[in-house]
Amino acid sequence: MIIREEQVLERIERARSRKARLRDDTITLAHGSGGKATHTLVEAVFREAFGNPLLDRLDDSARFAVNGADLAFTTDSYVVSPLFFPGGDIGDLAVNGTVNDLAVSGATPLHLSAGFILEEGFPVADLRRITASMRLAAEAAGVDIVTGDTKVVQRGKADGCYINTAGVGVAHSSPPGEIRPGDAVLVTGPIGEHGVTIMLARGELDIEADLSSDTAPLNCLLADVAGACPGGVRRMRDATRGGVATVLNEFVSDSGTTVVVDEDAIPVRPAVRGACELLGIDPMYVACEGSAVIVVAPDAADAALSALQGHPLGADAAVIGRVTDDPSGLVLLKTAFGGTRIVDLLVGDPLPRIC
């Protein structure tokens, strides 16, 4: 049995070490899921075309210096369907998503841009509702929307409204550090709420649940963590497309470590767990828009957890696992039944158009 396990691990390591090759002739929905197909698309097309030291880090934001000032810059596009859903809409989702990408990079968000692609026939009342939501979200996060763009396409050439936001902030802490064995892995709150909410809001499934999206700005929460354990925060990332599982796989791939997660420690609301069980989906792969994954040094775990739980957005934060060094490059889940399984990158596209 041990020999067979070693052989499997060797095959996984060989497969992951190969250069990414895009074998598809056309783009599929899976290329936007945040899983293996997305990773291959980024590596084999975009990174190959645009590769440079800032881009090659593949962080949520690029960090650079301008005239002695340390800045962070990010951009994201939002194509969620439906546009309005319990707990939010495409507008506050766009603002919060860009704010969070800056925050997890150790930056204080300052200014955003907003680009709109509108479909002919889109109701002006809906556009006003979206922009009002964006204004309120920006005020809550302490940022300003300072520039933008608008394009209108023919009827049937879009899905009502798409939004692109970009953001700039001041990088106030050191760049993300190296994850090390012994480090603690935390989540800032319950997982999977946004993705399940979006799926149910489409009305295509005969499932009812009292759920709403967790979309929220995390900049103040994450600043509290950084202040509570200076120098102790290794990495932070918001668990959007591909969920917590994808974030952890990215962490171990970058660091050559392994993360061992305790399934019983992962905060999942009963409604999310129940919906995922009915749909055959693992909550670890479901998107969050108001929860992040944080890796901290061993001696900073208690301070980080206390800081999180002292903030309204982190009341349900938890330590869900630890970093080890053997075997390398894997995410392992200790299940509630006492076994252990590998949590790999997402394959396919179980939750399309969630952001």
# chains A, B, ... in the order shown; residues from 1 in each chain; ligands from 1
call {"tool": "residues_around", "arguments": {"residues": "Val244 (chain A)", "least_positions_apart": "3", "cutoff": "9 Å", "atoms": "only C-alpha atoms", "output": "VMD selection string"}}
result
chain A and resid 187 191 to 192 238 to 241 247 to 249 283 to 288 292 to 293
call {"tool": "write_last_selection", "arguments": {"atoms": "all heavy atoms", "output": "tab-separated table (two decimals), in the first residue's frame"}}
result
chain	number	residue	atom	x	y	z
A	187	VAL	N	-9.53	30.63	7.75
A	187	VAL	CA	-10.51	31.27	6.87
A	187	VAL	C	-11.22	32.33	7.70
A	187	VAL	O	-11.43	32.17	8.91
A	187	VAL	CB	-11.52	30.28	6.27
A	187	VAL	CG1	-10.84	29.37	5.27
A	187	VAL	CG2	-12.23	29.48	7.34
A	191	ILE	N	-17.70	29.39	4.29
A	191	ILE	CA	-17.34	29.30	2.87
A	191	ILE	C	-18.53	28.88	2.02
A	191	ILE	O	-19.50	28.28	2.51
A	191	ILE	CB	-16.17	28.32	2.65
A	191	ILE	CG1	-16.61	26.87	2.91
A	191	ILE	CG2	-14.99	28.69	3.55
A	191	ILE	CD1	-15.57	25.83	2.50
A	192	GLY	N	-18.46	29.22	0.73
A	192	GLY	CA	-19.40	28.73	-0.25
A	192	GLY	C	-20.70	29.48	-0.39
A	192	GLY	O	-21.53	29.13	-1.24
A	238	ASP	N	-8.40	36.10	-1.30
A	238	ASP	CA	-9.85	35.92	-1.21
A	238	ASP	C	-10.24	34.71	-2.04
A	238	ASP	O	-9.72	34.49	-3.13
A	238	ASP	CB	-10.60	37.18	-1.62
A	238	ASP	CG	-10.19	37.72	-2.98
A	238	ASP	OD1	-9.07	37.43	-3.42
A	238	ASP	OD2	-11.00	38.42	-3.61
A	239	ALA	N	-11.16	33.93	-1.51
A	239	ALA	CA	-11.49	32.63	-2.10
A	239	ALA	C	-12.66	32.76	-3.08
A	239	ALA	O	-13.77	32.33	-2.81
A	239	ALA	CB	-11.84	31.62	-1.00
A	240	THR	N	-12.39	33.38	-4.22
A	240	THR	CA	-13.45	33.62	-5.21
A	240	THR	C	-13.58	32.40	-6.13
A	240	THR	O	-13.95	31.33	-5.68
A	240	THR	CB	-13.17	34.92	-5.98
A	240	THR	OG1	-11.83	34.91	-6.49
A	240	THR	CG2	-13.29	36.11	-5.04
A	241	ARG	N	-13.31	32.54	-7.42
A	241	ARG	CA	-13.50	31.41	-8.34
A	241	ARG	C	-12.66	30.21	-7.90
A	241	ARG	O	-11.48	30.33	-7.62
A	241	ARG	CB	-13.07	31.81	-9.75
A	241	ARG	CG	-14.00	32.79	-10.43
A	241	ARG	CD	-13.55	33.05	-11.84
A	241	ARG	NE	-12.16	33.47	-11.90
A	241	ARG	CZ	-11.45	33.56	-13.02
A	241	ARG	NH1	-12.00	33.25	-14.17
A	241	ARG	NH2	-10.20	33.97	-12.99
A	247	VAL	N	-7.46	28.17	-3.81
A	247	VAL	CA	-6.49	29.02	-3.12
A	247	VAL	C	-5.39	28.19	-2.47
A	247	VAL	O	-4.20	28.47	-2.61
A	247	VAL	CB	-7.19	29.91	-2.08
A	247	VAL	CG1	-6.15	30.64	-1.22
A	247	VAL	CG2	-8.11	30.91	-2.75
A	248	LEU	N	-5.78	27.14	-1.75
A	248	LEU	CA	-4.79	26.32	-1.07
A	248	LEU	C	-3.87	25.61	-2.06
A	248	LEU	O	-2.66	25.49	-1.81
A	248	LEU	CB	-5.50	25.29	-0.17
A	248	LEU	CG	-6.29	25.88	1.00
A	248	LEU	CD1	-6.97	24.76	1.78
A	248	LEU	CD2	-5.38	26.69	1.92
A	249	ASN	N	-4.41	25.16	-3.18
A	249	ASN	CA	-3.57	24.53	-4.20
A	249	ASN	C	-2.57	25.52	-4.79
A	249	ASN	O	-1.43	25.16	-5.08
A	249	ASN	CB	-4.43	23.92	-5.30
A	249	ASN	CG	-4.83	22.48	-5.00
A	249	ASN	OD1	-4.05	21.56	-5.18
A	249	ASN	ND2	-6.05	22.31	-4.52
A	283	PRO	N	-18.24	21.99	-0.94
A	283	PRO	CA	-18.18	23.41	-0.58
A	283	PRO	C	-16.78	24.00	-0.69
A	283	PRO	O	-16.64	25.22	-0.87
A	283	PRO	CB	-18.65	23.43	0.88
A	283	PRO	CG	-19.44	22.18	1.05
A	283	PRO	CD	-18.82	21.17	0.13
A	284	MET	N	-15.74	23.17	-0.61
A	284	MET	CA	-14.37	23.66	-0.72
A	284	MET	C	-14.11	24.32	-2.07
A	284	MET	O	-13.21	25.15	-2.21
A	284	MET	CB	-13.39	22.52	-0.53
A	284	MET	CG	-13.27	22.01	0.89
A	284	MET	SD	-12.18	23.05	1.89
A	284	MET	CE	-10.57	22.55	1.25
A	285	TYR	N	-14.89	23.95	-3.10
A	285	TYR	CA	-14.68	24.50	-4.44
A	285	TYR	C	-15.64	25.64	-4.78
A	285	TYR	O	-15.58	26.17	-5.89
A	285	TYR	CB	-14.85	23.39	-5.49
A	285	TYR	CG	-13.78	22.33	-5.45
A	285	TYR	CD1	-14.01	21.11	-4.84
A	285	TYR	CD2	-12.52	22.56	-6.02
A	285	TYR	CE1	-13.02	20.12	-4.81
A	285	TYR	CE2	-11.54	21.59	-5.98
A	285	TYR	CZ	-11.80	20.37	-5.38
A	285	TYR	OH	-10.82	19.41	-5.34
A	286	VAL	N	-16.52	25.98	-3.87
A	286	VAL	CA	-17.55	26.97	-4.16
A	286	VAL	C	-17.07	28.37	-3.79
A	286	VAL	O	-16.46	28.58	-2.73
A	286	VAL	CB	-18.86	26.63	-3.42
A	286	VAL	CG1	-19.95	27.63	-3.74
A	286	VAL	CG2	-19.33	25.22	-3.80
A	287	ALA	N	-17.37	29.33	-4.63
A	287	ALA	CA	-16.83	30.69	-4.49
A	287	ALA	C	-17.37	31.41	-3.26
A	287	ALA	O	-18.55	31.27	-2.89
A	287	ALA	CB	-17.15	31.51	-5.73
A	288	CYS	N	-16.50	32.20	-2.67
A	288	CYS	CA	-16.85	33.15	-1.61
A	288	CYS	C	-16.52	34.55	-2.13
A	288	CYS	O	-15.58	34.73	-2.89
A	288	CYS	CB	-16.04	32.90	-0.34
A	288	CYS	SG	-15.89	31.17	0.16
A	292	ALA	N	-11.79	35.14	3.09
A	292	ALA	CA	-10.42	35.00	2.59
A	292	ALA	C	-9.71	33.89	3.33
A	292	ALA	O	-10.11	33.50	4.44
A	292	ALA	CB	-9.66	36.32	2.76
A	293	VAL	N	-8.65	33.39	2.71
A	293	VAL	CA	-7.78	32.39	3.33
A	293	VAL	C	-6.49	33.10	3.75
A	293	VAL	O	-5.91	33.87	2.97
A	293	VAL	CB	-7.45	31.25	2.34
A	293	VAL	CG1	-6.57	30.21	3.02
A	293	VAL	CG2	-8.73	30.62	1.82
call {"tool": "closest_atom_pairs", "arguments": {"of": "region 114-219 of chain A", "to": "region 251-275 of chain A", "cutoff": "8 Å", "atoms": "only C-alpha atoms", "output": "Markdown table"}}
result
| residue | atom | partner | partner_atom | distance |
| --- | --- | --- | --- | --- |
| A:Glu178 | CA | A:Ser255 | CA | 6.6 |
| A:Ile179 | CA | A:Ser255 | CA | 6.0 |
| A:Arg180 | CA | A:Thr257 | CA | 7.2 |
| A:Pro181 | CA | A:Thr257 | CA | 7.0 |
| A:Val187 | CA | A:Ile266 | CA | 7.9 |
| A:Gly189 | CA | A:Pro267 | CA | 6.7 |
| A:Pro190 | CA | A:Pro267 | CA | 4.6 |
| A:Ile191 | CA | A:Val268 | CA | 5.6 |
| A:Gly192 | CA | A:Val272 | CA | 6.6 |
| A:Glu193 | CA | A:Val272 | CA | 6.3 |
| A:Val196 | CA | A:Val272 | CA | 6.6 |
| A:Ile207 | CA | A:Ala275 | CA | 7.6 |
| A:Ala209 | CA | A:Ala271 | CA | 6.2 |
| A:Asp210 | CA | A:Ala271 | CA | 7.0 |
| A:Leu211 | CA | A:Ala271 | CA | 7.0 |
call {"tool": "residues_around", "arguments": {"residues": "region 113-122 of chain A", "least_positions_apart": "6", "cutoff": "7 Å", "atoms": "only C-alpha atoms", "output": "MDAnalysis selection string"}}
result
chainID A and resid 145:155 157:167
call {"tool": "write_last_selection", "arguments": {"atoms": "all heavy atoms", "output": "short mmCIF file (atom, residue, chain, number, x, y, z; two decimals), in the first residue's frame"}}
result
data_model
loop_
_atom_site.label_atom_id
_atom_site.label_comp_id
_atom_site.auth_asym_id
_atom_site.auth_seq_id
_atom_site.Cartn_x
_atom_site.Cartn_y
_atom_site.Cartn_z
N ILE A 145 -14.61 55.97 -6.75
CA ILE A 145 -14.60 55.60 -8.16
C ILE A 145 -14.29 56.86 -8.94
O ILE A 145 -15.10 57.79 -9.01
CB ILE A 145 -15.95 54.99 -8.58
CG1 ILE A 145 -16.22 53.73 -7.76
CG2 ILE A 145 -15.97 54.69 -10.08
CD1 ILE A 145 -17.61 53.13 -7.95
N VAL A 146 -13.09 56.92 -9.54
CA VAL A 146 -12.58 58.18 -10.04
C VAL A 146 -12.49 58.28 -11.56
O VAL A 146 -12.26 59.36 -12.10
CB VAL A 146 -11.18 58.47 -9.44
CG1 VAL A 146 -11.27 58.63 -7.93
CG2 VAL A 146 -10.19 57.38 -9.80
N THR A 147 -12.69 57.19 -12.26
CA THR A 147 -12.66 57.23 -13.72
C THR A 147 -13.40 56.01 -14.26
O THR A 147 -13.69 55.07 -13.50
CB THR A 147 -11.21 57.26 -14.25
OG1 THR A 147 -11.21 57.50 -15.66
CG2 THR A 147 -10.49 55.95 -13.97
N GLY A 148 -13.74 56.05 -15.54
CA GLY A 148 -14.49 54.93 -16.08
C GLY A 148 -14.69 55.03 -17.57
O GLY A 148 -14.13 55.89 -18.26
N ASP A 149 -15.52 54.11 -18.09
CA ASP A 149 -15.77 54.05 -19.52
C ASP A 149 -17.11 53.35 -19.73
O ASP A 149 -17.55 52.55 -18.90
CB ASP A 149 -14.66 53.27 -20.23
CG ASP A 149 -14.86 53.20 -21.73
OD1 ASP A 149 -14.99 54.27 -22.36
OD2 ASP A 149 -14.91 52.08 -22.27
N THR A 150 -17.77 53.65 -20.85
CA THR A 150 -19.04 53.03 -21.19
C THR A 150 -19.04 52.61 -22.65
O THR A 150 -18.65 53.39 -23.52
CB THR A 150 -20.22 53.99 -20.94
OG1 THR A 150 -20.18 54.46 -19.60
CG2 THR A 150 -21.54 53.28 -21.20
N LYS A 151 -19.47 51.39 -22.91
CA LYS A 151 -19.67 50.91 -24.27
C LYS A 151 -21.06 50.28 -24.34
O LYS A 151 -21.51 49.65 -23.39
CB LYS A 151 -18.61 49.87 -24.66
CG LYS A 151 -17.19 50.40 -24.72
CD LYS A 151 -17.01 51.37 -25.89
CE LYS A 151 -15.56 51.78 -26.06
NZ LYS A 151 -15.04 52.55 -24.91
N VAL A 152 -21.72 50.44 -25.47
CA VAL A 152 -23.02 49.82 -25.70
C VAL A 152 -22.91 48.90 -26.90
O VAL A 152 -22.39 49.30 -27.96
CB VAL A 152 -24.12 50.88 -25.94
CG1 VAL A 152 -25.46 50.20 -26.23
CG2 VAL A 152 -24.25 51.81 -24.73
N VAL A 153 -23.39 47.67 -26.75
CA VAL A 153 -23.35 46.69 -27.84
C VAL A 153 -24.77 46.36 -28.27
O VAL A 153 -25.74 46.64 -27.56
CB VAL A 153 -22.60 45.41 -27.42
CG1 VAL A 153 -21.16 45.72 -27.07
CG2 VAL A 153 -23.30 44.73 -26.25
N GLN A 154 -24.89 45.77 -29.44
CA GLN A 154 -26.20 45.47 -29.99
C GLN A 154 -26.98 44.47 -29.12
O GLN A 154 -26.39 43.66 -28.42
CB GLN A 154 -26.06 44.90 -31.40
CG GLN A 154 -25.54 45.91 -32.42
CD GLN A 154 -25.28 45.24 -33.76
OE1 GLN A 154 -24.69 44.17 -33.83
NE2 GLN A 154 -25.74 45.87 -34.83
N ARG A 155 -28.28 44.57 -29.22
CA ARG A 155 -29.15 43.65 -28.50
C ARG A 155 -28.77 42.21 -28.84
O ARG A 155 -28.58 41.85 -29.99
CB ARG A 155 -30.60 43.92 -28.88
CG ARG A 155 -31.62 43.19 -28.02
CD ARG A 155 -33.03 43.43 -28.55
NE ARG A 155 -33.34 44.84 -28.59
CZ ARG A 155 -33.93 45.51 -27.61
NH1 ARG A 155 -34.25 44.88 -26.49
NH2 ARG A 155 -34.19 46.81 -27.73
N LYS A 157 -25.96 40.79 -27.93
CA LYS A 157 -24.50 40.64 -27.97
C LYS A 157 -23.86 40.66 -26.58
O LYS A 157 -22.65 40.59 -26.47
CB LYS A 157 -23.87 41.74 -28.84
CG LYS A 157 -24.37 41.77 -30.28
CD LYS A 157 -24.00 40.49 -31.02
CE LYS A 157 -24.41 40.58 -32.48
NZ LYS A 157 -24.10 39.33 -33.22
N ALA A 158 -24.67 40.79 -25.55
CA ALA A 158 -24.16 40.77 -24.17
C ALA A 158 -25.26 40.18 -23.30
O ALA A 158 -26.21 39.59 -23.80
CB ALA A 158 -23.74 42.16 -23.71
N ASP A 159 -25.14 40.35 -22.02
CA ASP A 159 -26.13 39.80 -21.10
C ASP A 159 -26.62 40.91 -20.17
O ASP A 159 -26.59 40.78 -18.95
CB ASP A 159 -25.51 38.65 -20.29
CG ASP A 159 -26.57 37.84 -19.55
OD1 ASP A 159 -27.76 37.99 -19.86
OD2 ASP A 159 -26.19 37.06 -18.66
N GLY A 160 -27.03 42.01 -20.78
CA GLY A 160 -27.53 43.13 -20.01
C GLY A 160 -26.44 44.10 -19.62
O GLY A 160 -26.35 45.22 -20.11
N CYS A 161 -25.55 43.66 -18.70
CA CYS A 161 -24.51 44.55 -18.18
C CYS A 161 -23.31 43.74 -17.72
O CYS A 161 -23.45 42.78 -16.96
CB CYS A 161 -25.08 45.35 -17.00
SG CYS A 161 -23.90 46.38 -16.10
N TYR A 162 -22.16 44.11 -18.21
CA TYR A 162 -20.88 43.61 -17.72
C TYR A 162 -20.12 44.79 -17.12
O TYR A 162 -20.24 45.93 -17.60
CB TYR A 162 -20.03 42.99 -18.83
CG TYR A 162 -20.63 41.82 -19.54
CD1 TYR A 162 -20.32 41.56 -20.88
CD2 TYR A 162 -21.51 40.94 -18.90
CE1 TYR A 162 -20.86 40.48 -21.56
CE2 TYR A 162 -22.04 39.86 -19.57
CZ TYR A 162 -21.73 39.63 -20.90
OH TYR A 162 -22.27 38.55 -21.56
N ILE A 163 -19.32 44.53 -16.09
CA ILE A 163 -18.56 45.60 -15.45
C ILE A 163 -17.10 45.18 -15.29
O ILE A 163 -16.82 44.05 -14.89
CB ILE A 163 -19.13 45.95 -14.05
CG1 ILE A 163 -20.57 46.43 -14.16
CG2 ILE A 163 -18.28 47.02 -13.37
CD1 ILE A 163 -21.24 46.71 -12.81
N ASN A 164 -16.20 46.09 -15.63
CA ASN A 164 -14.79 45.91 -15.32
C ASN A 164 -14.38 46.98 -14.32
O ASN A 164 -14.71 48.15 -14.49
CB ASN A 164 -13.91 46.02 -16.57
CG ASN A 164 -12.43 46.05 -16.22
OD1 ASN A 164 -11.85 47.10 -15.96
ND2 ASN A 164 -11.82 44.88 -16.19
N THR A 165 -13.71 46.57 -13.26
CA THR A 165 -13.16 47.52 -12.30
C THR A 165 -11.66 47.31 -12.16
O THR A 165 -11.17 46.17 -12.24
CB THR A 165 -13.82 47.37 -10.91
OG1 THR A 165 -13.85 45.99 -10.56
CG2 THR A 165 -15.22 47.93 -10.91
N ALA A 166 -10.95 48.38 -11.98
CA ALA A 166 -9.53 48.33 -11.66
C ALA A 166 -9.32 49.16 -10.41
O ALA A 166 -10.12 50.06 -10.10
CB ALA A 166 -8.67 48.87 -12.80
N GLY A 167 -8.28 48.85 -9.66
CA GLY A 167 -8.05 49.56 -8.41
C GLY A 167 -6.58 49.77 -8.13
O GLY A 167 -5.74 48.97 -8.54
#
call {"tool": "closest_atom_pairs", "arguments": {"of": "region 21-124 of chain A", "to": "region 214-229 of chain A", "cutoff": "7 Å", "atoms": "only C-alpha atoms", "output": "JSON lines"}}
result
{"residue": "A:Gly87", "atom": "CA", "partner": "A:Asp214", "partner_atom": "CA", "distance": 6.9}
{"residue": "A:Gly88", "atom": "CA", "partner": "A:Thr215", "partner_atom": "CA", "distance": 7.0}
{"residue": "A:Leu93", "atom": "CA", "partner": "A:Thr215", "partner_atom": "CA", "distance": 6.1}
{"residue": "A:Asn96", "atom": "CA", "partner": "A:Pro217", "partner_atom": "CA", "distance": 4.9}
{"residue": "A:Val99", "atom": "CA", "partner": "A:Pro217", "partner_atom": "CA", "distance": 6.3}
{"residue": "A:Asn100", "atom": "CA", "partner": "A:Leu218", "partner_atom": "CA", "distance": 5.7}
{"residue": "A:Ala103", "atom": "CA", "partner": "A:Asn219", "partner_atom": "CA", "distance": 5.0}
call {"tool": "write_last_selection", "arguments": {"atoms": "C-alpha atoms", "output": "PDB file, in the first residue's frame"}}
result
ATOM      1  CA  GLY A  87     -27.345  39.849  -0.589  1.00  0.00           C
ATOM      2  CA  GLY A  88     -26.110  41.984  -3.466  1.00  0.00           C
ATOM      3  CA  LEU A  93     -19.747  42.647  -6.198  1.00  0.00           C
ATOM      4  CA  ASN A  96     -15.896  44.600  -3.197  1.00  0.00           C
ATOM      5  CA  VAL A  99     -11.104  46.189  -2.955  1.00  0.00           C
ATOM      6  CA  ASN A 100     -10.439  42.670  -1.656  1.00  0.00           C
ATOM      7  CA  ALA A 103      -6.417  44.153   0.555  1.00  0.00           C
TER       8      ALA A 103
END
call {"tool": "select_by_dssp", "arguments": {"residues": "region 36-117 of chain A", "states": "strand (DSSP E)", "output": "number ranges by chain"}}
result
A: 62-66, 69-78, 84-85, 88-89, 107-117
call {"tool": "atom_distance", "arguments": {"atom1": "CA of His194 (chain A)", "atom2": "CA of Ser213 (chain A)"}}
result
4.2 Å
call {"tool": "select_by_dssp", "arguments": {"residues": "region 63-217 of chain A", "states": "helix (DSSP H, G or I)", "output": "PyMOL selection string"}}
result
chain A and resi 90-103+124-141+193-201
call {"tool": "atom_distance", "arguments": {"atom1": "CA of Phe73 (chain A)", "atom2": "CA of Ala44 (chain A)"}}
result
23.1 Å
call {"tool": "closest_residue", "arguments": {"among": "A:Ala138, A:Cys276, A:Ala184, A:Val170", "to": "Val323 (chain A)", "atoms": "only C-alpha atoms"}}
result
A:Ala184
call {"tool": "closest_residue", "arguments": {"among": "A:Thr131, A:Leu29, A:Asp326, A:Gly35", "to": "Asp344 (chain A)", "atoms": "only C-alpha atoms"}}
result
A:Gly35
call {"tool": "atom_distance", "arguments": {"atom1": "CA of Ala125 (chain A)", "atom2": "CA of Pro82 (chain A)"}}
result
15.9 Å
call {"tool": "closest_residue", "arguments": {"among": "A:Asp299, A:Asp76, A:Asp59, A:Glu139", "to": "Arg237 (chain A)", "atoms": "only C-alpha atoms"}}
result
A:Asp59
